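Colleague: Contents of upload-v2.pdb (PDB, C-alpha atoms) are given next:
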ATOM      1  CA  MET A   1      81.262 -25.375  -7.303
ATOM      2  CA  ARG A   2      83.258 -23.162  -9.652
ATOM      3  CA  ALA A   3      82.708 -19.535  -8.702
ATOM      4  CA  ALA A   4      84.140 -16.100  -9.321
ATOM      5  CA  VAL A   5      83.872 -12.895  -7.330
ATOM      6  CA  ILE A   6      84.007  -9.529  -9.089
ATOM      7  CA  VAL A   7      84.928  -6.517  -6.971
ATOM      8  CA  LEU A   8      84.289  -3.201  -8.681
ATOM      9  CA  ALA A   9      86.845  -0.603  -7.595
ATOM     10  CA  TRP A  10      86.753   3.141  -7.974
ATOM     11  CA  ASN A  11      89.039   5.268  -5.813
ATOM     12  CA  GLY A  12      88.713   2.584  -3.177
ATOM     13  CA  ALA A  13      92.236   2.432  -1.754
ATOM     14  CA  ALA A  14      90.863   3.059   1.753
ATOM     15  CA  HIS A  15      88.503   0.077   1.511
ATOM     16  CA  LEU A  16      90.176  -2.487  -0.751
ATOM     17  CA  PRO A  17      92.750  -3.950   1.692
ATOM     18  CA  ARG A  18      90.032  -5.013   4.165
ATOM     19  CA  CYS A  19      87.587  -6.066   1.469
ATOM     20  CA  LEU A  20      90.053  -8.153  -0.523
ATOM     21  CA  GLY A  21      91.832  -9.461   2.568
ATOM     22  CA  ALA A  22      88.594 -10.886   4.000
ATOM     23  CA  LEU A  23      87.779 -12.368   0.607
ATOM     24  CA  GLN A  24      91.228 -13.863   0.054
ATOM     25  CA  ALA A  25      91.030 -15.817   3.309
ATOM     26  CA  GLN A  26      88.147 -17.971   1.995
ATOM     27  CA  CYS A  27      89.044 -18.508  -1.653
ATOM     28  CA  ASP A  28      90.373 -21.791  -3.009
ATOM     29  CA  ALA A  29      91.348 -23.168  -6.409
ATOM     30  CA  ASP A  30      87.710 -23.230  -7.557
ATOM     31  CA  VAL A  31      87.189 -19.517  -6.861
ATOM     32  CA  ALA A  32      88.554 -16.767  -9.088
ATOM     33  CA  VAL A  33      88.647 -13.137  -7.981
ATOM     34  CA  LEU A  34      88.537 -10.294 -10.476
ATOM     35  CA  VAL A  35      89.022  -6.678  -9.474
ATOM     36  CA  VAL A  36      87.617  -4.343 -12.100
ATOM     37  CA  ASP A  37      89.061  -0.865 -11.662
ATOM     38  CA  ASN A  38      86.916   1.957 -13.043
ATOM     39  CA  GLY A  39      89.682   4.452 -13.754
ATOM     40  CA  SER A  40      90.711   5.149 -10.150
ATOM     41  CA  ILE A  41      93.120   8.004  -9.499
ATOM     42  CA  ASP A  42      94.067   6.997  -5.941
ATOM     43  CA  ARG A  43      96.404   4.034  -6.689
ATOM     44  CA  SER A  44      93.639   1.448  -6.233
ATOM     45  CA  ALA A  45      94.949  -0.560  -9.191
ATOM     46  CA  ALA A  46      98.544  -0.386  -7.956
ATOM     47  CA  LEU A  47      97.409  -1.519  -4.501
ATOM     48  CA  VAL A  48      95.753  -4.618  -5.995
ATOM     49  CA  ARG A  49      98.846  -5.452  -8.047
ATOM     50  CA  GLU A  50     101.159  -5.071  -5.072
ATOM     51  CA  GLN A  51      99.120  -6.592  -2.233
ATOM     52  CA  PHE A  52      96.903  -9.100  -4.062
ATOM     53  CA  PRO A  53      98.950 -10.378  -7.018
ATOM     54  CA  ASP A  54      96.905 -13.600  -7.245
ATOM     55  CA  PHE A  55      93.758 -11.666  -8.096
ATOM     56  CA  GLU A  56      93.071 -10.781 -11.725
ATOM     57  CA  LEU A  57      93.021  -7.028 -12.319
ATOM     58  CA  ILE A  58      91.074  -5.436 -15.162
ATOM     59  CA  GLU A  59      91.661  -1.722 -15.722
ATOM     60  CA  ASN A  60      88.879   0.071 -17.581
ATOM     61  CA  GLY A  61      90.760   3.361 -17.767
ATOM     62  CA  ARG A  62      87.656   5.415 -16.989
ATOM     63  CA  ASN A  63      84.640   5.283 -14.723
ATOM     64  CA  LEU A  64      82.038   3.156 -16.487
ATOM     65  CA  GLY A  65      79.590   3.153 -13.573
ATOM     66  CA  PHE A  66      78.266   0.062 -11.821
ATOM     67  CA  SER A  67      76.487  -1.918 -14.529
ATOM     68  CA  ARG A  68      79.000  -1.282 -17.306
ATOM     69  CA  GLY A  69      81.964  -1.881 -15.034
ATOM     70  CA  MET A  70      80.571  -5.133 -13.631
ATOM     71  CA  ASN A  71      79.592  -6.310 -17.106
ATOM     72  CA  VAL A  72      83.219  -5.981 -18.223
ATOM     73  CA  GLY A  73      84.144  -8.525 -15.573
ATOM     74  CA  ILE A  74      81.202 -10.845 -16.316
ATOM     75  CA  ARG A  75      82.005 -10.874 -20.032
ATOM     76  CA  ARG A  76      85.617 -11.731 -19.265
ATOM     77  CA  LEU A  77      84.369 -14.761 -17.338
ATOM     78  CA  GLN A  78      81.943 -15.772 -20.085
ATOM     79  CA  GLU A  79      84.810 -15.836 -22.577
ATOM     80  CA  ARG A  80      86.707 -18.483 -20.616
ATOM     81  CA  SER A  81      86.794 -22.048 -21.856
ATOM     82  CA  GLU A  82      85.344 -23.137 -18.508
ATOM     83  CA  PRO A  83      83.254 -20.279 -17.079
ATOM     84  CA  PRO A  84      82.279 -20.342 -13.419
ATOM     85  CA  GLU A  85      78.879 -21.677 -12.448
ATOM     86  CA  VAL A  86      78.236 -18.684 -10.187
ATOM     87  CA  VAL A  87      79.507 -15.123 -10.295
ATOM     88  CA  VAL A  88      79.288 -12.918  -7.201
ATOM     89  CA  LEU A  89      79.212  -9.126  -7.519
ATOM     90  CA  LEU A  90      80.721  -7.355  -4.512
ATOM     91  CA  ASN A  91      81.142  -3.703  -3.567
ATOM     92  CA  GLN A  92      84.600  -2.501  -2.574
ATOM     93  CA  ASP A  93      83.354  -1.020   0.723
ATOM     94  CA  THR A  94      82.306  -4.376   2.203
ATOM     95  CA  ILE A  95      83.950  -6.728   4.707
ATOM     96  CA  VAL A  96      82.624 -10.263   4.368
ATOM     97  CA  ALA A  97      82.285 -12.739   7.243
ATOM     98  CA  SER A  98      84.698 -15.676   7.347
ATOM     99  CA  ASP A  99      82.122 -18.139   5.916
ATOM    100  CA  TRP A 100      80.342 -15.662   3.631
ATOM    101  CA  LEU A 101      81.380 -17.217   0.331
ATOM    102  CA  ALA A 102      80.363 -20.742   1.315
ATOM    103  CA  GLN A 103      77.017 -19.492   2.628
ATOM    104  CA  ILE A 104      76.133 -17.405  -0.424
ATOM    105  CA  LEU A 105      76.987 -20.274  -2.797
ATOM    106  CA  MET A 106      75.142 -22.967  -0.848
ATOM    107  CA  PRO A 107      71.573 -22.229  -2.088
ATOM    108  CA  PHE A 108      72.629 -22.801  -5.707
ATOM    109  CA  THR A 109      73.619 -26.383  -4.878
ATOM    110  CA  HIS A 110      70.219 -27.158  -3.332
ATOM    111  CA  ASP A 111      67.760 -25.624  -5.810
ATOM    112  CA  ALA A 112      68.256 -25.286  -9.561
ATOM    113  CA  THR A 113      65.484 -22.673  -9.770
ATOM    114  CA  ILE A 114      67.476 -20.149  -7.719
ATOM    115  CA  GLY A 115      68.948 -17.547 -10.060
ATOM    116  CA  ALA A 116      70.224 -14.950  -7.580
ATOM    117  CA  VAL A 117      71.219 -14.952  -3.915
ATOM    118  CA  GLY A 118      71.613 -11.974  -1.592
ATOM    119  CA  CYS A 119      72.953 -11.566   1.946
ATOM    120  CA  LYS A 120      72.149 -10.216   5.338
ATOM    121  CA  ILE A 121      74.067  -6.957   5.327
ATOM    122  CA  TYR A 122      75.029  -4.978   8.413
ATOM    123  CA  TYR A 123      76.209  -1.456   8.934
ATOM    124  CA  PRO A 124      79.839  -1.218  10.138
ATOM    125  CA  ASP A 125      78.823  -1.882  13.745
ATOM    126  CA  GLY A 126      77.982  -5.470  12.768
ATOM    127  CA  ARG A 127      74.644  -5.318  14.626
ATOM    128  CA  THR A 128      72.418  -2.885  12.762
ATOM    129  CA  ILE A 129      70.791  -4.357   9.677
ATOM    130  CA  GLN A 130      71.104  -2.568   6.373
ATOM    131  CA  HIS A 131      69.532  -5.209   4.126
ATOM    132  CA  ALA A 132      67.691  -8.499   4.614
ATOM    133  CA  GLY A 133      66.003  -8.726   1.219
ATOM    134  CA  LYS A 134      63.944  -6.249  -0.826
ATOM    135  CA  LEU A 135      60.331  -5.734  -1.743
ATOM    136  CA  ILE A 136      59.439  -3.383  -4.606
ATOM    137  CA  ASP A 137      56.113  -1.624  -4.217
ATOM    138  CA  SER A 138      53.624  -1.760  -7.066
ATOM    139  CA  GLY A 139      53.008   1.977  -6.923
ATOM    140  CA  ARG A 140      56.104   4.154  -7.151
ATOM    141  CA  ALA A 141      58.515   1.203  -7.511
ATOM    142  CA  MET A 142      60.280   2.182  -4.302
ATOM    143  CA  SER A 143      62.431  -0.638  -2.942
ATOM    144  CA  ARG A 144      61.977  -1.479   0.704
ATOM    145  CA  HIS A 145      64.959  -3.035   2.444
ATOM    146  CA  PHE A 146      63.712  -5.486   5.031
ATOM    147  CA  GLY A 147      65.242  -4.870   8.462
ATOM    148  CA  TYR A 148      66.642  -1.462   7.531
ATOM    149  CA  GLY A 149      68.021   0.240  10.637
ATOM    150  CA  GLU A 150      66.895  -2.516  13.009
ATOM    151  CA  ARG A 151      69.130  -4.212  15.547
ATOM    152  CA  ASP A 152      69.568  -7.860  14.589
ATOM    153  CA  GLU A 153      67.715 -10.066  17.053
ATOM    154  CA  GLY A 154      67.325 -12.993  14.684
ATOM    155  CA  GLN A 155      64.072 -11.651  13.235
ATOM    156  CA  TYR A 156      65.349 -12.054   9.656
ATOM    157  CA  ASP A 157      67.030 -15.439   9.957
ATOM    158  CA  GLU A 158      64.645 -17.281   7.633
ATOM    159  CA  ALA A 159      65.888 -18.033   4.122
ATOM    160  CA  ARG A 160      63.213 -17.037   1.612
ATOM    161  CA  ALA A 161      62.457 -15.589  -1.798
ATOM    162  CA  PHE A 162      62.153 -11.826  -2.324
ATOM    163  CA  ASP A 163      61.352  -9.447  -5.177
ATOM    164  CA  ALA A 164      64.992  -8.390  -5.264
ATOM    165  CA  VAL A 165      68.251  -8.293  -3.340
ATOM    166  CA  THR A 166      70.843  -5.549  -3.385
ATOM    167  CA  GLY A 167      73.697  -5.467  -5.872
ATOM    168  CA  ALA A 168      76.151  -4.609  -3.093
ATOM    169  CA  ALA A 169      76.689  -8.365  -2.714
ATOM    170  CA  LEU A 170      74.815 -10.372  -5.324
ATOM    171  CA  ALA A 171      75.481 -13.968  -6.396
ATOM    172  CA  LEU A 172      74.187 -14.959  -9.837
ATOM    173  CA  ARG A 173      73.864 -18.280 -11.639
ATOM    174  CA  MET A 174      75.833 -17.877 -14.858
ATOM    175  CA  SER A 175      73.450 -20.027 -16.914
ATOM    176  CA  ALA A 176      70.612 -17.720 -15.797
ATOM    177  CA  LEU A 177      72.598 -14.686 -16.956
ATOM    178  CA  ASP A 178      73.127 -16.403 -20.300
ATOM    179  CA  GLU A 179      69.336 -16.651 -20.519
ATOM    180  CA  VAL A 180      68.230 -13.175 -19.391
ATOM    181  CA  GLY A 181      71.291 -11.062 -20.186
ATOM    182  CA  LEU A 182      73.697  -9.046 -18.066
ATOM    183  CA  LEU A 183      73.089  -5.888 -16.044
ATOM    184  CA  ASP A 184      71.127  -3.325 -18.047
ATOM    185  CA  GLU A 185      73.573  -0.540 -18.866
ATOM    186  CA  GLY A 186      70.709   1.861 -19.491
ATOM    187  CA  TYR A 187      70.709   2.513 -15.739
ATOM    188  CA  SER A 188      74.249   3.892 -15.828
ATOM    189  CA  PRO A 189      75.930   5.238 -13.863
ATOM    190  CA  ALA A 190      74.000   3.622 -10.989
ATOM    191  CA  TYR A 191      70.744   2.638  -9.246
ATOM    192  CA  PHE A 192      67.983   0.133 -10.077
ATOM    193  CA  GLU A 193      70.140  -2.153 -12.235
ATOM    194  CA  ASP A 194      69.978  -4.796  -9.487
ATOM    195  CA  ASP A 195      66.172  -4.526  -9.173
ATOM    196  CA  ASP A 196      65.894  -4.768 -12.952
ATOM    197  CA  LEU A 197      68.046  -7.905 -13.158
ATOM    198  CA  CYS A 198      66.068  -9.560 -10.358
ATOM    199  CA  TRP A 199      62.838  -8.699 -12.189
ATOM    200  CA  ARG A 200      64.122 -10.330 -15.381
ATOM    201  CA  LEU A 201      65.185 -13.451 -13.499
ATOM    202  CA  ARG A 202      61.819 -13.784 -11.780
ATOM    203  CA  ARG A 203      60.027 -13.149 -15.070
ATOM    204  CA  VAL A 204      61.407 -16.373 -16.565
ATOM    205  CA  GLY A 205      60.841 -18.434 -13.422
ATOM    206  CA  TYR A 206      63.990 -18.094 -11.326
ATOM    207  CA  LEU A 207      63.869 -17.412  -7.599
ATOM    208  CA  VAL A 208      65.657 -14.447  -6.045
ATOM    209  CA  TRP A 209      66.841 -15.850  -2.723
ATOM    210  CA  TYR A 210      67.867 -14.323   0.592
ATOM    211  CA  ALA A 211      70.534 -16.303   2.495
ATOM    212  CA  PRO A 212      70.646 -14.927   6.071
ATOM    213  CA  ARG A 213      73.749 -16.901   7.057
ATOM    214  CA  ALA A 214      75.774 -15.109   4.387
ATOM    215  CA  THR A 215      76.708 -11.915   6.219
ATOM    216  CA  LEU A 216      78.919  -8.907   5.682
ATOM    217  CA  ARG A 217      79.431  -5.351   6.824
ATOM    218  CA  HIS A 218      78.898  -2.517   4.386
ATOM    219  CA  VAL A 219      80.190   1.008   4.848
ATOM    220  CA  GLU A 220      77.749   2.243   2.161
ATOM    221  CA  SER A 221      79.986   5.045   0.971
ATOM    222  CA  SER A 222      78.619   6.867  -2.035
ATOM    223  CA  SER A 223      80.507   7.173  -5.315
ATOM    224  CA  ILE A 224      78.268  10.143  -6.202
ATOM    225  CA  SER A 225      78.938  12.768  -3.561
ATOM    226  CA  ASP A 226      76.439  15.365  -4.810
ATOM    227  CA  VAL A 227      73.271  14.541  -2.851
ATOM    228  CA  VAL A 228      70.945  16.296  -5.300
ATOM    229  CA  ARG A 229      72.505  14.549  -8.293
ATOM    230  CA  ARG A 230      72.400  11.182  -6.513
ATOM    231  CA  SER A 231      68.712  11.568  -5.653
ATOM    232  CA  THR A 232      67.919  12.759  -9.173
ATOM    233  CA  LEU A 233      69.612   9.687 -10.650
ATOM    234  CA  MET A 234      67.758   7.379  -8.295
ATOM    235  CA  ASN A 235      64.417   8.911  -9.264
ATOM    236  CA  ARG A 236      65.205   9.033 -12.975
ATOM    237  CA  ASN A 237      66.195   5.360 -12.949
ATOM    238  CA  ARG A 238      63.132   4.527 -10.873
ATOM    239  CA  LEU A 239      61.034   6.043 -13.664
ATOM    240  CA  ARG A 240      62.983   4.024 -16.233
ATOM    241  CA  PHE A 241      62.299   0.858 -14.227
ATOM    242  CA  VAL A 242      58.566   1.683 -14.185
ATOM    243  CA  VAL A 243      58.407   2.330 -17.929
ATOM    244  CA  LYS A 244      60.450  -0.770 -18.759
ATOM    245  CA  THR A 245      58.896  -3.318 -16.405
ATOM    246  CA  PHE A 246      55.395  -2.266 -15.290
ATOM    247  CA  PRO A 247      52.365  -3.511 -17.265
ATOM    248  CA  ALA A 248      50.523  -0.608 -18.915
ATOM    249  CA  ASP A 249      47.502  -0.736 -16.616
ATOM    250  CA  GLN A 250      49.802  -0.638 -13.576
ATOM    251  CA  ILE A 251      51.544   2.496 -14.877
ATOM    252  CA  TRP A 252      48.289   4.407 -15.321
ATOM    253  CA  THR A 253      46.663   3.241 -12.100
ATOM    254  CA  HIS A 254      49.065   2.274  -9.283
ATOM    255  CA  PHE A 255      52.092   4.316 -10.369
ATOM    256  CA  TRP A 256      50.276   7.412 -11.650
ATOM    257  CA  LEU A 257      48.138   7.755  -8.540
ATOM    258  CA  ALA A 258      50.954   6.995  -6.083
ATOM    259  CA  GLU A 259      53.338   9.455  -7.762
ATOM    260  CA  ARG A 260      50.750  12.236  -7.716
ATOM    261  CA  MET A 261      49.977  11.587  -4.060
ATOM    262  CA  ARG A 262      53.661  11.823  -3.203
ATOM    263  CA  MET A 263      53.994  15.113  -5.079
ATOM    264  CA  ALA A 264      51.138  16.576  -3.066
ATOM    265  CA  LEU A 265      52.560  15.467   0.283
ATOM    266  CA  ILE A 266      56.197  16.521   0.093
ATOM    267  CA  PRO A 267      57.305  19.982   1.238
ATOM    268  CA  ASN A 268      58.954  22.375  -1.169
ATOM    269  CA  GLY A 269      62.577  21.332  -0.727
ATOM    270  CA  GLY A 270      65.155  18.731  -1.704
ATOM    271  CA  GLU A 271      62.849  15.891  -2.714
ATOM    272  CA  ALA A 272      60.598  18.152  -4.772
ATOM    273  CA  ARG A 273      63.649  19.600  -6.520
ATOM    274  CA  THR A 274      65.077  16.190  -7.425
ATOM    275  CA  LEU A 275      61.714  14.920  -8.671
ATOM    276  CA  ARG A 276      61.431  17.940 -10.971
ATOM    277  CA  ARG A 277      64.907  17.222 -12.358
ATOM    278  CA  ALA A 278      64.166  13.522 -12.784
ATOM    279  CA  TYR A 279      60.955  14.253 -14.706
ATOM    280  CA  PHE A 280      62.805  16.755 -16.882
ATOM    281  CA  GLU A 281      65.627  14.332 -17.709
ATOM    282  CA  GLY A 282      63.189  11.466 -18.212
ATOM    283  CA  HIS A 283      61.354  13.386 -20.918
ATOM    284  CA  PHE A 284      64.501  13.293 -23.058
ATOM    285  CA  CYS A 285      65.267   9.639 -22.231
ATOM    286  CA  MET A 286      61.838   8.236 -23.084
ATOM    287  CA  ASP A 287      62.691   6.873 -26.530
ATOM    288  CA  GLU A 288      65.432   4.715 -25.009
ATOM    289  CA  TRP A 289      63.097   3.642 -22.193
ATOM    290  CA  LEU A 290      60.440   2.621 -24.730
ATOM    291  CA  SER A 291      63.037   0.639 -26.647
ATOM    292  CA  ALA A 292      63.914  -1.220 -23.441
ATOM    293  CA  ARG A 293      60.205  -1.832 -22.755
ATOM    294  CA  SER A 294      59.637  -3.254 -26.239
ATOM    295  CA  ASN A 295      61.888  -6.210 -25.372
ATOM    296  CA  TYR A 296      59.240  -7.417 -22.909
ATOM    297  CA  TYR A 297      55.907  -5.894 -23.961
ATOM    298  CA  SER A 298      54.152  -5.242 -27.231
ATOM    299  CA  VAL A 299      53.990  -1.433 -27.360
ATOM    300  CA  SER A 300      51.291  -0.043 -29.602
ATOM    301  CA  LYS A 301      51.635   3.356 -31.257
ATOM    302  CA  GLY A 302      48.943   4.719 -28.945
ATOM    303  CA  GLU A 303      50.690   3.428 -25.828
ATOM    304  CA  ALA A 304      54.017   4.822 -27.042
ATOM    305  CA  ARG A 305      52.431   8.273 -27.555
ATOM    306  CA  GLN A 306      50.907   8.122 -24.103
ATOM    307  CA  LEU A 307      54.171   7.099 -22.434
ATOM    308  CA  ARG A 308      56.129   9.781 -24.295
ATOM    309  CA  ARG A 309      53.920  12.304 -22.493
ATOM    310  CA  LEU A 310      54.409  10.672 -19.074
ATOM    311  CA  CYS A 311      57.263  12.813 -17.784
ATOM    312  CA  SER A 312      55.800  16.011 -19.246
ATOM    313  CA  ASP A 313      52.488  15.218 -17.548
ATOM    314  CA  LEU A 314      54.333  14.590 -14.279
ATOM    315  CA  GLN A 315      56.113  17.929 -14.650
ATOM    316  CA  ARG A 316      52.768  19.688 -15.092
ATOM    317  CA  LYS A 317      51.274  17.933 -12.052
ATOM    318  CA  MET A 318      54.328  18.920 -10.009
ATOM    319  CA  ALA A 319      53.879  22.558 -11.085
ATOM    320  CA  VAL A 320      50.285  22.429  -9.846
ATOM    321  CA  CYS A 321      51.491  21.059  -6.496
ATOM    322  CA  ASP A 322      54.206  23.732  -6.346
ATOM    323  CA  ARG A 323      51.607  26.483  -6.803
ATOM    324  CA  ALA A 324      49.398  24.916  -4.139
ATOM    325  CA  ARG A 325      52.307  24.805  -1.694
ATOM    326  CA  ALA A 326      53.251  28.384  -2.474
ATOM    327  CA  SER A 327      49.664  29.488  -1.972
ATOM    328  CA  GLY A 328      49.471  27.652   1.326
ATOM    329  CA  MET A 329      52.688  29.266   2.561
ATOM    330  CA  ALA A 330      51.505  32.694   1.444
ATOM    331  CA  SER A 331      48.259  32.341   3.341
TER
END
Please go through the file and, once you have read it, give me the structure as structure tokens.
Modeller:
Amino acid sequence: MRAAVIVLAWNGAAHLPRCLGALQAQCDADVAVLVVDNGSIDRSAALVREQFPDFELIENGRNLGFSRGMNVGIRRLQERSEPPEVVVLLNQDTIVASDWLAQILMPFTHDATIGAVGCKIYYPDGRTIQHAGKLIDSGRAMSRHFGYGERDEGQYDEARAFDAVTGAALALRMSALDEVGLLDEGYSPAYFEDDDLCWRLRRVGYLVWYAPRATLRHVESSSISDVVRRSTLMNRNRLRFVVKTFPADQIWTHFWLAERMRMALIPNGGEARTLRRAYFEGHFCMDEWLSARSNYYSVSKGEARQLRRLCSDLQRKMAVCDRARASGMAS
């Protein structure tokens, strides 16, 4: 099977030698490796040129974020006279097992309805599970990583379909991407683009598959060091995912109720602060979110007016909860 692996690099000189070295050991003539450098300033690109000259290096010149950076590599592959059948997206801070590539490609050869395949991912100790598939709840659209923080005792060794799998190591059937499109760059710089792509694949009938024998270790370093900004982005993009993908009745029942309940339960601190910021930013992003939604749902003028008020209404509900918390603390 013709395949290609895209490693997105950004100031990853500390991680790339182990990541690319483990990958190089299992590549053959049918597997291309592209390293897409997002404007690193730590000699990441020079390291690839010097230590891995057989890998193709694409230099973006600036940090395009995850979806835009990966899409540069995918488009390069699509332009080839003989594109690969499968493209695998891989984070720079991973170390794949010796048979990882064979195991992540195998499901595609057995079932033509599989559009995406994810892995069993460990923390650096190689025993504690970080990811064994994802479920996305129908309320707040929070993704639940199966096995998160558990010691691996074989409890997640069954291959099966999930709502989503993480983009840290994500294999994709190229013909399926031709059908549903690439990563949605509206989630830039990061978060929820993998859930969104899995949703689009499932929407047209593809399976999102978990392959437990494809394993790797993931350091899970963050490219966004500011914790408040990172959490704000995650919540803002979660809201975008809701507006884009949830049916209207689900937004005004499951999501609306679950979000309000969460507001009422959290203490006045970091999470409350990042939710306020996410609602504020979302108010100004709503026109773009509605445009994204219109690709999948018929949006009436009344529904559009209602959704344009969503983030403002959430801000007002949060203010009510803030006053209640303040009153409770004062008493």
Colleague: Restrict the calculation to all atoms listed in the file, then for each residue of range 3-113 of chain A with any atom at most 12 Å from an atom of range 164-188 of chain A give the closest atom pair and their distance in Å to one decimal, rows by chain and rising residue number, as a tab-separated table.
Modeller:
residue	atom	partner	partner_atom	distance
A:Ala3	CA	A:Met174	CA	9.4
A:Ala4	CA	A:Ala171	CA	9.4
A:Val5	CA	A:Ala171	CA	8.5
A:Ile6	CA	A:Ala169	CA	9.8
A:Val7	CA	A:Ala169	CA	9.5
A:Leu8	CA	A:Ala168	CA	10.0
A:Cys19	CA	A:Ala169	CA	11.9
A:Asn63	CA	A:Ser188	CA	10.5
A:Leu64	CA	A:Ser188	CA	7.9
A:Gly65	CA	A:Ser188	CA	5.8
A:Phe66	CA	A:Ser188	CA	6.8
A:Ser67	CA	A:Glu185	CA	5.4
A:Arg68	CA	A:Glu185	CA	5.7
A:Gly69	CA	A:Glu185	CA	9.3
A:Met70	CA	A:Leu183	CA	7.9
A:Asn71	CA	A:Leu182	CA	6.6
A:Val72	CA	A:Leu182	CA	10.0
A:Gly73	CA	A:Leu182	CA	10.8
A:Ile74	CA	A:Leu182	CA	7.9
A:Arg75	CA	A:Leu182	CA	8.7
A:Leu77	CA	A:Met174	CA	9.4
A:Gln78	CA	A:Met174	CA	8.3
A:Glu79	CA	A:Asp178	CA	11.9
A:Glu82	CA	A:Met174	CA	11.5
A:Pro83	CA	A:Met174	CA	8.1
A:Pro84	CA	A:Met174	CA	7.0
A:Glu85	CA	A:Met174	CA	5.4
A:Val86	CA	A:Arg173	CA	4.6
A:Val87	CA	A:Leu172	CA	5.3
A:Val88	CA	A:Ala171	CA	4.0
A:Leu89	CA	A:Leu170	CA	5.1
A:Leu90	CA	A:Ala169	CA	4.5
A:Asn91	CA	A:Ala168	CA	5.1
A:Gln92	CA	A:Ala168	CA	8.7
A:Asp93	CA	A:Ala168	CA	8.9
A:Thr94	CA	A:Ala168	CA	8.1
A:Ile95	CA	A:Ala169	CA	10.5
A:Val96	CA	A:Ala169	CA	9.4
A:Trp100	CA	A:Ala169	CA	10.3
A:Leu101	CA	A:Ala171	CA	9.5
A:Ala102	CA	A:Ala171	CA	11.4
A:Gln103	CA	A:Ala171	CA	10.7
A:Ile104	CA	A:Ala171	CA	6.9
A:Leu105	CA	A:Ala171	CA	7.4
A:Met106	CA	A:Ala171	CA	10.6
A:Pro107	CA	A:Ala171	CA	10.1
A:Phe108	CA	A:Arg173	CA	7.6
A:Thr109	CA	A:Arg173	CA	10.6
A:Asp111	CA	A:Arg173	CA	11.2
A:Ala112	CA	A:Arg173	CA	9.2
A:Thr113	CA	A:Ala176	CA	9.3
Colleague: What is the distance, in Å and to one decimal place, between CA of Asn11 in chain A and CA of Glu56 in chain A?
Modeller: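 So the two atoms, CA of Asn11 in chain A and CA of Glu56 in chain A, lie 17.6 Å apart.
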Colleague: Between CA of Ala292 in chain A and CA of Val243 in chain A, what is the distance, to one decimal in Å?
Modeller: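 It comes out at 8.6 Å.
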Colleague: With all atoms listed in the file as the basis for distance, which of A:Val31, A:Leu216, A:Leu47, A:Ala141 is at the shortest distance from Asp125 in chain A?
Modeller: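 Selected residue with least distance to Asp125 in chain A: A:Leu216.
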Colleague: So how far away is CA of Glu59 in chain A from CA of Asp37 in chain A, in Å?
Modeller: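 So the two atoms, CA of Asp37 in chain A and CA of Glu59 in chain A, lie 4.9 Å apart.
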Colleague: I need every residue sitting at most 8 Å from the point (64.7, -8.7, 7.2) (coordinates as in the file, all atoms listed in the file considered), written as a list in words.
Modeller: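 Within 8 Å of (64.7, -8.7, 7.2), the protein and nucleic acid residues are Lys120, Ile129, His131, Ala132, Gly133, His145, Phe146, Gly147, Tyr148, Gln155, Tyr156 and Asp157 of chain A.
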Colleague: Here is a test: counting all atoms listed in the file, which residue of A:Ala278, A:Ala304, A:Val228, A:Ala326 is nearest to Ser291 in chain A?
Modeller: A:Ala304
Colleague: Report as JSON the centre and the edge lengths, in Å to one decimal, of the axis-aligned box holding every listed atom of range 165-173 of chain A, padded by 8 Å on each side.
Modeller:
{"center_x": 72.5, "center_y": -11.4, "center_z": -7.2, "size_x": 24.4, "size_y": 29.7, "size_z": 24.9}
Colleague: Once the PyMOL selection byres ((chain A and resi 13) around 8) has been evaluated on this model, what residues remain selected, and can you format them as a list in words?
Modeller: Asn11, Gly12, Ala14, His15, Leu16, Pro17, Asp42, Arg43, Ser44 and Leu47 of chain A
Colleague: Need to verify the contact set: range 200-208 of chain A, 6 Å, all atoms listed in the file, exclusion of same-chain residues closer than 2 positions in sequence. Can you return it as JSON, numbers by chain?
Modeller: {"A": [113, 114, 115, 116, 117, 161, 162, 197, 198]}
Colleague: Taking (58.2, -0.3, -25.9) in the file's own coordinates, collect the residues within 12 Å, counting only C-alpha atoms, and hand them back as a PyMOL selection string.
Modeller: chain A and resi 240+242-248+286-308
